[in-house]
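Note: the block below is entry_3.txt and it holds compact mmCIF, N, CA and C atoms.
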```
# COMPACT_ATOMS: atom_id res chain seq x y z
N MET A 1 8.57 12.40 2.24
CA MET A 1 9.19 11.25 2.85
C MET A 1 10.60 11.13 2.29
N SER A 2 11.53 10.90 3.17
CA SER A 2 12.90 10.69 2.70
C SER A 2 13.04 9.26 2.22
N MET A 3 13.96 9.07 1.31
CA MET A 3 14.18 7.71 0.79
C MET A 3 14.69 6.79 1.89
N GLY A 4 15.25 7.35 2.96
CA GLY A 4 15.69 6.53 4.09
C GLY A 4 14.53 5.88 4.83
N ALA A 5 13.36 6.50 4.78
CA ALA A 5 12.18 5.96 5.45
C ALA A 5 11.51 4.86 4.62
N MET A 6 11.86 4.80 3.34
CA MET A 6 11.21 3.85 2.45
C MET A 6 11.35 2.39 2.89
N PRO A 7 12.56 1.92 3.25
CA PRO A 7 12.66 0.50 3.64
C PRO A 7 11.78 0.15 4.85
N ALA A 8 11.68 1.05 5.81
CA ALA A 8 10.87 0.77 6.99
C ALA A 8 9.39 0.67 6.62
N LYS A 9 8.91 1.58 5.80
CA LYS A 9 7.51 1.54 5.39
C LYS A 9 7.22 0.31 4.54
N THR A 10 8.16 -0.05 3.68
CA THR A 10 7.99 -1.24 2.85
C THR A 10 7.89 -2.49 3.72
N LEU A 11 8.77 -2.60 4.69
CA LEU A 11 8.72 -3.75 5.60
C LEU A 11 7.41 -3.79 6.36
N LYS A 12 6.95 -2.62 6.77
CA LYS A 12 5.69 -2.55 7.50
C LYS A 12 4.53 -3.03 6.63
N GLY A 13 4.53 -2.65 5.35
CA GLY A 13 3.50 -3.11 4.43
C GLY A 13 3.49 -4.63 4.30
N PHE A 14 4.68 -5.21 4.15
CA PHE A 14 4.76 -6.67 4.05
C PHE A 14 4.34 -7.35 5.35
N CYS A 15 4.68 -6.75 6.47
CA CYS A 15 4.27 -7.32 7.77
C CYS A 15 2.74 -7.31 7.90
N TYR A 16 2.11 -6.21 7.51
CA TYR A 16 0.65 -6.15 7.55
C TYR A 16 0.04 -7.26 6.69
N GLU A 17 0.61 -7.47 5.51
CA GLU A 17 0.10 -8.54 4.66
C GLU A 17 0.27 -9.90 5.34
N GLU A 18 1.42 -10.14 5.91
CA GLU A 18 1.70 -11.42 6.56
C GLU A 18 0.74 -11.67 7.71
N LEU A 19 0.34 -10.60 8.40
CA LEU A 19 -0.60 -10.71 9.51
C LEU A 19 -2.06 -10.78 9.06
N GLY A 20 -2.27 -10.64 7.75
CA GLY A 20 -3.63 -10.67 7.23
C GLY A 20 -4.36 -9.36 7.38
N GLU A 21 -3.65 -8.30 7.69
CA GLU A 21 -4.25 -6.98 7.85
C GLU A 21 -4.13 -6.23 6.52
N TYR A 22 -4.89 -6.72 5.55
CA TYR A 22 -4.78 -6.21 4.19
C TYR A 22 -5.27 -4.78 4.05
N ASP A 23 -6.18 -4.34 4.91
CA ASP A 23 -6.62 -2.95 4.85
C ASP A 23 -5.47 -2.01 5.22
N LYS A 24 -4.71 -2.36 6.24
CA LYS A 24 -3.57 -1.54 6.64
C LYS A 24 -2.46 -1.62 5.59
N ALA A 25 -2.25 -2.79 5.04
CA ALA A 25 -1.23 -2.95 4.00
C ALA A 25 -1.61 -2.12 2.78
N TYR A 26 -2.88 -2.17 2.40
CA TYR A 26 -3.38 -1.39 1.26
C TYR A 26 -3.09 0.09 1.46
N ASP A 27 -3.43 0.61 2.63
CA ASP A 27 -3.17 2.02 2.92
C ASP A 27 -1.68 2.33 2.90
N MET A 28 -0.86 1.41 3.42
CA MET A 28 0.59 1.62 3.44
C MET A 28 1.14 1.69 2.02
N TRP A 29 0.72 0.75 1.15
CA TRP A 29 1.22 0.74 -0.23
C TRP A 29 0.79 2.00 -0.97
N LEU A 30 -0.44 2.44 -0.78
CA LEU A 30 -0.87 3.67 -1.44
C LEU A 30 -0.09 4.87 -0.95
N GLY A 31 0.18 4.91 0.35
CA GLY A 31 0.97 6.01 0.92
C GLY A 31 2.38 6.04 0.35
N ILE A 32 2.98 4.89 0.22
CA ILE A 32 4.33 4.81 -0.36
C ILE A 32 4.29 5.29 -1.81
N ALA A 33 3.30 4.85 -2.57
CA ALA A 33 3.19 5.27 -3.97
C ALA A 33 3.01 6.78 -4.08
N ARG A 34 2.19 7.35 -3.22
CA ARG A 34 1.99 8.81 -3.23
C ARG A 34 3.29 9.54 -2.91
N ASP A 35 4.00 9.04 -1.90
CA ASP A 35 5.27 9.67 -1.52
C ASP A 35 6.29 9.59 -2.64
N LEU A 36 6.35 8.45 -3.30
CA LEU A 36 7.27 8.30 -4.43
C LEU A 36 6.91 9.26 -5.56
N GLU A 37 5.62 9.40 -5.81
CA GLU A 37 5.17 10.30 -6.86
C GLU A 37 5.55 11.75 -6.53
N LYS A 38 5.36 12.14 -5.28
CA LYS A 38 5.73 13.49 -4.85
C LYS A 38 7.20 13.78 -5.06
N GLU A 39 8.02 12.75 -4.89
CA GLU A 39 9.47 12.89 -5.03
C GLU A 39 9.91 12.77 -6.49
N GLY A 40 8.97 12.51 -7.40
CA GLY A 40 9.29 12.43 -8.80
C GLY A 40 9.68 11.04 -9.29
N TYR A 41 9.40 10.02 -8.48
CA TYR A 41 9.73 8.65 -8.84
C TYR A 41 8.53 7.96 -9.46
N GLU A 42 8.23 8.34 -10.70
CA GLU A 42 7.05 7.82 -11.38
C GLU A 42 7.13 6.31 -11.61
N ALA A 43 8.25 5.83 -12.12
CA ALA A 43 8.38 4.40 -12.42
C ALA A 43 8.39 3.57 -11.15
N GLU A 44 9.05 4.08 -10.11
CA GLU A 44 9.20 3.34 -8.86
C GLU A 44 7.88 3.18 -8.11
N LYS A 45 6.93 4.06 -8.38
CA LYS A 45 5.65 3.97 -7.66
C LYS A 45 4.81 2.80 -8.15
N GLN A 46 5.15 2.22 -9.29
CA GLN A 46 4.34 1.14 -9.85
C GLN A 46 4.33 -0.11 -8.98
N PHE A 47 5.47 -0.43 -8.36
CA PHE A 47 5.52 -1.63 -7.52
C PHE A 47 4.57 -1.54 -6.32
N PRO A 48 4.61 -0.46 -5.53
CA PRO A 48 3.64 -0.40 -4.42
C PRO A 48 2.19 -0.33 -4.90
N LEU A 49 1.96 0.26 -6.08
CA LEU A 49 0.59 0.27 -6.61
C LEU A 49 0.12 -1.13 -6.94
N LYS A 50 1.00 -1.96 -7.48
CA LYS A 50 0.63 -3.36 -7.77
C LYS A 50 0.33 -4.11 -6.47
N LEU A 51 1.12 -3.84 -5.43
CA LEU A 51 0.88 -4.49 -4.14
C LEU A 51 -0.45 -4.02 -3.55
N ALA A 52 -0.76 -2.74 -3.71
CA ALA A 52 -2.04 -2.21 -3.23
C ALA A 52 -3.20 -2.88 -3.97
N GLU A 53 -3.05 -3.06 -5.28
CA GLU A 53 -4.09 -3.73 -6.07
C GLU A 53 -4.32 -5.15 -5.57
N LYS A 54 -3.23 -5.84 -5.26
CA LYS A 54 -3.34 -7.21 -4.75
C LYS A 54 -4.12 -7.23 -3.44
N CYS A 55 -3.80 -6.30 -2.54
CA CYS A 55 -4.50 -6.23 -1.25
C CYS A 55 -5.97 -5.90 -1.45
N ARG A 56 -6.24 -4.97 -2.35
CA ARG A 56 -7.63 -4.58 -2.60
C ARG A 56 -8.43 -5.77 -3.14
N ALA A 57 -7.82 -6.55 -4.02
CA ALA A 57 -8.51 -7.74 -4.56
C ALA A 57 -8.84 -8.72 -3.45
N ILE A 58 -7.93 -8.90 -2.52
CA ILE A 58 -8.17 -9.79 -1.38
C ILE A 58 -9.30 -9.23 -0.53
N LEU A 59 -9.27 -7.92 -0.28
CA LEU A 59 -10.30 -7.29 0.54
C LEU A 59 -11.67 -7.35 -0.13
N GLU A 60 -11.71 -7.23 -1.43
CA GLU A 60 -12.99 -7.28 -2.13
C GLU A 60 -13.63 -8.66 -2.06
N LYS A 61 -12.82 -9.69 -1.89
CA LYS A 61 -13.37 -11.03 -1.71
C LYS A 61 -14.04 -11.17 -0.35
N ASP A 62 -13.57 -10.37 0.62
CA ASP A 62 -14.15 -10.35 1.96
C ASP A 62 -14.44 -8.90 2.31
N PRO A 63 -15.60 -8.38 1.86
CA PRO A 63 -15.91 -6.96 2.04
C PRO A 63 -15.92 -6.48 3.49
N ARG A 64 -16.02 -7.39 4.43
CA ARG A 64 -16.00 -6.97 5.83
C ARG A 64 -14.67 -6.34 6.21
N GLN A 65 -13.60 -6.69 5.49
CA GLN A 65 -12.28 -6.16 5.79
C GLN A 65 -12.00 -4.84 5.10
N LEU A 66 -12.75 -4.51 4.06
CA LEU A 66 -12.51 -3.30 3.27
C LEU A 66 -13.10 -2.09 3.97
N PRO A 67 -12.26 -1.13 4.34
CA PRO A 67 -12.78 0.06 4.99
C PRO A 67 -13.72 0.82 4.06
N GLU A 68 -14.77 1.43 4.60
CA GLU A 68 -15.71 2.18 3.78
C GLU A 68 -15.05 3.34 3.07
N ASP A 69 -14.02 3.91 3.70
CA ASP A 69 -13.35 5.07 3.11
C ASP A 69 -12.07 4.68 2.37
N ALA A 70 -12.03 3.45 1.88
CA ALA A 70 -10.83 2.97 1.17
C ALA A 70 -10.53 3.89 -0.01
N ALA A 71 -9.31 4.35 -0.04
CA ALA A 71 -8.88 5.27 -1.08
C ALA A 71 -8.59 4.51 -2.37
N VAL A 72 -8.77 5.19 -3.45
CA VAL A 72 -8.39 4.64 -4.76
C VAL A 72 -7.37 5.61 -5.32
N PHE A 73 -6.21 5.11 -5.66
CA PHE A 73 -5.12 5.96 -6.12
C PHE A 73 -5.27 6.28 -7.57
```
Can you present the structure in this file as structure tokens?
Amino acid sequence: MSMGAMPAKTLKGFCYEELGEYDKAYDMWLGIARDLEKEGYEAEKQFPLKLAEKCRAILEKDPRQLPEDAAVF
């Protein structure tokens, strides 16, 4: 992923959260963190990982929203 795509994906993650689609937001944050890690941005990946953790905590309160194949980073 190019760093130019990062702002769009970040906005998309926040939009999913705002819409209450925490499963999609969770996947988006994990994807961003993976992409940052691939590019060598170890410190920068921490922020999307924290956002993914927040979404996962929300989903765990309502297991109906948590996909069965939810990834753990």
Using DSSP assignments from the backbone, pull out every residue in range 10-65 of chain A that falls under helix (DSSP H, G or I) and give it to me as a ChimeraX atom specification. /A:10-18,22-38,46-61,63-65
N, CA and C atoms of the current selection, written as a CSV table (one decimal), in the frame of the given file:
```csv
chain,number,residue,atom,x,y,z
A,10,THR,N,8.2,0.0,3.7
A,10,THR,CA,8.0,-1.2,2.8
A,10,THR,C,7.9,-2.5,3.7
A,11,LEU,N,8.8,-2.6,4.7
A,11,LEU,CA,8.7,-3.8,5.6
A,11,LEU,C,7.4,-3.8,6.4
A,12,LYS,N,7.0,-2.6,6.8
A,12,LYS,CA,5.7,-2.6,7.5
A,12,LYS,C,4.5,-3.0,6.6
A,13,GLY,N,4.5,-2.6,5.4
A,13,GLY,CA,3.5,-3.1,4.4
A,13,GLY,C,3.5,-4.6,4.3
A,14,PHE,N,4.7,-5.2,4.2
A,14,PHE,CA,4.8,-6.7,4.0
A,14,PHE,C,4.3,-7.4,5.4
A,15,CYS,N,4.7,-6.8,6.5
A,15,CYS,CA,4.3,-7.3,7.8
A,15,CYS,C,2.7,-7.3,7.9
A,16,TYR,N,2.1,-6.2,7.5
A,16,TYR,CA,0.6,-6.2,7.6
A,16,TYR,C,0.0,-7.3,6.7
A,17,GLU,N,0.6,-7.5,5.5
A,17,GLU,CA,0.1,-8.5,4.7
A,17,GLU,C,0.3,-9.9,5.3
A,18,GLU,N,1.4,-10.1,5.9
A,18,GLU,CA,1.7,-11.4,6.6
A,18,GLU,C,0.7,-11.7,7.7
A,22,TYR,N,-4.9,-6.7,5.6
A,22,TYR,CA,-4.8,-6.2,4.2
A,22,TYR,C,-5.3,-4.8,4.0
A,23,ASP,N,-6.2,-4.3,4.9
A,23,ASP,CA,-6.6,-3.0,4.8
A,23,ASP,C,-5.5,-2.0,5.2
A,24,LYS,N,-4.7,-2.4,6.2
A,24,LYS,CA,-3.6,-1.5,6.6
A,24,LYS,C,-2.5,-1.6,5.6
A,25,ALA,N,-2.2,-2.8,5.0
A,25,ALA,CA,-1.2,-3.0,4.0
A,25,ALA,C,-1.6,-2.1,2.8
A,26,TYR,N,-2.9,-2.2,2.4
A,26,TYR,CA,-3.4,-1.4,1.3
A,26,TYR,C,-3.1,0.1,1.5
A,27,ASP,N,-3.4,0.6,2.6
A,27,ASP,CA,-3.2,2.0,2.9
A,27,ASP,C,-1.7,2.3,2.9
A,28,MET,N,-0.9,1.4,3.4
A,28,MET,CA,0.6,1.6,3.4
A,28,MET,C,1.1,1.7,2.0
A,29,TRP,N,0.7,0.8,1.2
A,29,TRP,CA,1.2,0.7,-0.2
A,29,TRP,C,0.8,2.0,-1.0
A,30,LEU,N,-0.4,2.4,-0.8
A,30,LEU,CA,-0.9,3.7,-1.4
A,30,LEU,C,-0.1,4.9,-1.0
A,31,GLY,N,0.2,4.9,0.4
A,31,GLY,CA,1.0,6.0,0.9
A,31,GLY,C,2.4,6.0,0.4
A,32,ILE,N,3.0,4.9,0.2
A,32,ILE,CA,4.3,4.8,-0.4
A,32,ILE,C,4.3,5.3,-1.8
A,33,ALA,N,3.3,4.8,-2.6
A,33,ALA,CA,3.2,5.3,-4.0
A,33,ALA,C,3.0,6.8,-4.1
A,34,ARG,N,2.2,7.4,-3.2
A,34,ARG,CA,2.0,8.8,-3.2
A,34,ARG,C,3.3,9.5,-2.9
A,35,ASP,N,4.0,9.0,-1.9
A,35,ASP,CA,5.3,9.7,-1.5
A,35,ASP,C,6.3,9.6,-2.6
A,36,LEU,N,6.4,8.4,-3.3
A,36,LEU,CA,7.3,8.3,-4.4
A,36,LEU,C,6.9,9.3,-5.6
A,37,GLU,N,5.6,9.4,-5.8
A,37,GLU,CA,5.2,10.3,-6.9
A,37,GLU,C,5.6,11.8,-6.5
A,38,LYS,N,5.4,12.1,-5.3
A,38,LYS,CA,5.7,13.5,-4.8
A,38,LYS,C,7.2,13.8,-5.1
A,46,GLN,N,5.2,2.2,-9.3
A,46,GLN,CA,4.3,1.1,-9.8
A,46,GLN,C,4.3,-0.1,-9.0
A,47,PHE,N,5.5,-0.4,-8.4
A,47,PHE,CA,5.5,-1.6,-7.5
A,47,PHE,C,4.6,-1.5,-6.3
A,48,PRO,N,4.6,-0.5,-5.5
A,48,PRO,CA,3.6,-0.4,-4.4
A,48,PRO,C,2.2,-0.3,-4.9
A,49,LEU,N,2.0,0.3,-6.1
A,49,LEU,CA,0.6,0.3,-6.6
A,49,LEU,C,0.1,-1.1,-6.9
A,50,LYS,N,1.0,-2.0,-7.5
A,50,LYS,CA,0.6,-3.4,-7.8
A,50,LYS,C,0.3,-4.1,-6.5
A,51,LEU,N,1.1,-3.8,-5.4
A,51,LEU,CA,0.9,-4.5,-4.1
A,51,LEU,C,-0.4,-4.0,-3.6
A,52,ALA,N,-0.8,-2.7,-3.7
A,52,ALA,CA,-2.0,-2.2,-3.2
A,52,ALA,C,-3.2,-2.9,-4.0
A,53,GLU,N,-3.0,-3.1,-5.3
A,53,GLU,CA,-4.1,-3.7,-6.1
A,53,GLU,C,-4.3,-5.2,-5.6
A,54,LYS,N,-3.2,-5.8,-5.3
A,54,LYS,CA,-3.3,-7.2,-4.8
A,54,LYS,C,-4.1,-7.2,-3.4
A,55,CYS,N,-3.8,-6.3,-2.5
A,55,CYS,CA,-4.5,-6.2,-1.2
A,55,CYS,C,-6.0,-5.9,-1.4
A,56,ARG,N,-6.2,-5.0,-2.4
A,56,ARG,CA,-7.6,-4.6,-2.6
A,56,ARG,C,-8.4,-5.8,-3.1
A,57,ALA,N,-7.8,-6.6,-4.0
A,57,ALA,CA,-8.5,-7.7,-4.6
A,57,ALA,C,-8.8,-8.7,-3.4
A,58,ILE,N,-7.9,-8.9,-2.5
A,58,ILE,CA,-8.2,-9.8,-1.4
A,58,ILE,C,-9.3,-9.2,-0.5
A,59,LEU,N,-9.3,-7.9,-0.3
A,59,LEU,CA,-10.3,-7.3,0.5
A,59,LEU,C,-11.7,-7.4,-0.1
A,60,GLU,N,-11.7,-7.2,-1.4
A,60,GLU,CA,-13.0,-7.3,-2.1
A,60,GLU,C,-13.6,-8.7,-2.1
A,61,LYS,N,-12.8,-9.7,-1.9
A,61,LYS,CA,-13.4,-11.0,-1.7
A,61,LYS,C,-14.0,-11.2,-0.4
A,63,PRO,N,-15.6,-8.4,1.9
A,63,PRO,CA,-15.9,-7.0,2.0
A,63,PRO,C,-15.9,-6.5,3.5
A,64,ARG,N,-16.0,-7.4,4.4
A,64,ARG,CA,-16.0,-7.0,5.8
A,64,ARG,C,-14.7,-6.3,6.2
A,65,GLN,N,-13.6,-6.7,5.5
A,65,GLN,CA,-12.3,-6.2,5.8
A,65,GLN,C,-12.0,-4.8,5.1
```
Quick one: residues within 9 Å of range 4-17 of chain A, only C-alpha atoms, excluding same-chain residues fewer than 6 positions away - as JSON, numbers by chain? {"A": [23, 24, 25, 26, 27, 28, 29, 32, 48, 55]}
Please, what distance in Å, to one decimal, runs between CA of Gly20 in chain A and CA of Glu37 in chain A?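 Those two atoms sit 26.8 Å apart.
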How many Å lie between CA of Leu36 in chain A and CA of Leu59 in chain A, rounded to one decimal?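 The value is 24.0 Å.
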As JSON: centre and edge lengths in Å, one decimal, of the axis-aligned box holding range 27-36 of chain A with 6 Å per side:
```
{"center_x": 1.9, "center_y": 5.1, "center_z": -1.1, "size_x": 22.7, "size_y": 21.1, "size_z": 21.0}
```
